[in-house]
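A.B. asks: So that we are looking at the same thing, I have put the structure below in structure tokens.
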Amino acid sequence: AVIACSALKRAYRDVLVHGREDVRIVFLDGTQDLIAARLAARKGHFMPPGLLVSQFKTLERPGADERPIIVSIDASVECIVDNIVTQLNLVPQ
């Protein structure tokens, strides 16, 4: 199963993962400028562009102990998905 959410803070991710080894965090990594440009191009999206600065201030990047899969979003959707799948397949079961 895949759950998509912001989970900007470690405390939120801890609740989601709840100590389970079989749950992985995928951190979609992008610059504030890149995300701002994408938000500006959206029409009718729930996330107002004005909240982006506060979202970046709130963001606590995942630590190594969270075993995150970190993927740059500065690529096509296909490349992003391929990168995630490749990294998931490298994870020992």
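How things are named: the first chain in the structure tokens is A, the next is B, and so on; residues count from 1 in each chain; ligands count from 1 in the order shown.
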Identify, on the basis of only C-alpha atoms, every residue whose closest approach to Ala36 of chain A does not exceed 12 Å; exclude the query and any residue fewer than 2 positions from it along the same chain; express the result as a VMD selection string.
C.D. replies: chain A and resid 30 to 34 38 to 42 47 to 53 55 to 56
A.B. asks: Residues of chain A classed as strand (DSSP E) by DSSP on the backbone are to be reported as a PyMOL selection string.
C.D. replies: chain A and resi 26-29+69-72
A.B. asks: Write the selection just made, keeping N, CA and C atoms, as a short mmCIF file (atom, residue, chain, number, x, y, z; two decimals), in the first residue's frame?
C.D. replies:
```cif
data_model
loop_
_atom_site.label_atom_id
_atom_site.label_comp_id
_atom_site.auth_asym_id
_atom_site.auth_seq_id
_atom_site.Cartn_x
_atom_site.Cartn_y
_atom_site.Cartn_z
N VAL A 26 9.35 7.52 1.68
CA VAL A 26 9.94 8.00 0.43
C VAL A 26 9.89 9.52 0.49
N PHE A 27 11.05 10.13 0.52
CA PHE A 27 11.16 11.58 0.61
C PHE A 27 11.38 12.14 -0.79
N LEU A 28 10.38 12.84 -1.31
CA LEU A 28 10.49 13.46 -2.63
C LEU A 28 11.16 14.81 -2.45
N ASP A 29 12.40 14.89 -2.85
CA ASP A 29 13.27 16.02 -2.57
C ASP A 29 13.29 17.01 -3.72
N ILE A 69 14.00 6.62 1.64
CA ILE A 69 14.36 6.55 0.23
C ILE A 69 14.22 7.98 -0.26
N ILE A 70 15.32 8.58 -0.65
CA ILE A 70 15.32 9.99 -1.05
C ILE A 70 15.44 10.05 -2.57
N VAL A 71 14.48 10.74 -3.18
CA VAL A 71 14.42 10.81 -4.63
C VAL A 71 14.24 12.26 -5.06
N SER A 72 15.09 12.72 -5.95
CA SER A 72 14.95 14.06 -6.50
C SER A 72 13.72 14.13 -7.40
#
```
A.B. asks: As a PyMOL selection string, please: every residue in chain A that DSSP puts in alpha helix (DSSP H).
C.D. replies: chain A and resi 10-17+32-41+52-58+77-90
A.B. asks: Here is a test: counting only C-alpha atoms, which residue of A:Ala75, A:Gln87, A:Ser54, A:Pro68 is nearest to Arg13 of chain A?
C.D. replies: A:Pro68
A.B. asks: Record the distance separating atom CA of Gly44 of chain A and atom CA of Ala1 of chain A, expressed in Å with one decimal.
C.D. replies: 27.3 Å
A.B. asks: Using only C-alpha atoms, which residue out of A:Ile73, A:Leu88, A:Ile80, A:Val2 lies closest to Leu16 of chain A?
C.D. replies: A:Val2
A.B. asks: Fewer than 3 positions away in the same chain doesn't count, so skip those; otherwise give me all residues within 7 Å of segment 7-11 of chain A, counting only C-alpha atoms, as a list of chain:residue names.
C.D. replies: A:Asp14, A:Val15, A:Thr58, A:Leu59, A:Glu60, A:Pro62
A.B. asks: Residues as selected, N, CA, C and O atoms, written as an mmCIF file, in the first residue's frame, can you do that?
C.D. replies:
```
data_model
loop_
_atom_site.group_PDB
_atom_site.id
_atom_site.type_symbol
_atom_site.label_atom_id
_atom_site.label_comp_id
_atom_site.auth_asym_id
_atom_site.auth_seq_id
_atom_site.Cartn_x
_atom_site.Cartn_y
_atom_site.Cartn_z
ATOM 1 N N ASP A 14 6.943 9.269 12.660
ATOM 2 C CA ASP A 14 7.025 8.236 13.692
ATOM 3 C C ASP A 14 5.660 7.606 13.947
ATOM 4 O O ASP A 14 5.553 6.402 14.147
ATOM 5 N N VAL A 15 4.613 8.420 13.928
ATOM 6 C CA VAL A 15 3.257 7.893 14.113
ATOM 7 C C VAL A 15 2.900 6.973 12.945
ATOM 8 O O VAL A 15 2.332 5.895 13.137
ATOM 9 N N THR A 58 8.847 24.424 8.289
ATOM 10 C CA THR A 58 8.394 23.343 9.158
ATOM 11 C C THR A 58 9.107 22.027 8.858
ATOM 12 O O THR A 58 9.300 21.198 9.751
ATOM 13 N N LEU A 59 9.536 21.841 7.621
ATOM 14 C CA LEU A 59 10.107 20.577 7.169
ATOM 15 C C LEU A 59 11.303 20.149 8.017
ATOM 16 O O LEU A 59 12.248 20.899 8.217
ATOM 17 N N GLU A 60 11.229 18.918 8.497
ATOM 18 C CA GLU A 60 12.358 18.244 9.136
ATOM 19 C C GLU A 60 12.736 17.092 8.211
ATOM 20 O O GLU A 60 12.014 16.093 8.127
ATOM 21 N N PRO A 62 14.114 13.801 6.671
ATOM 22 C CA PRO A 62 14.290 12.508 7.349
ATOM 23 C C PRO A 62 15.751 12.233 7.675
ATOM 24 O O PRO A 62 16.642 12.516 6.863
#
```
A.B. asks: Between atom CA of Arg24 of chain A and atom CA of Arg67 of chain A, what is the distance in Å, rounded to a tenth?
C.D. replies: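 If I compute the distance from atom CA of Arg24 of chain A to atom CA of Arg67 of chain A, I get 7.1 Å.
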A.B. asks: Given the choices A:Ile84, A:Lys57, A:Lys43, A:Asn89, which gets closest to Ile25 of chain A if the distance is worked out from only C-alpha atoms?
C.D. replies: A:Ile84
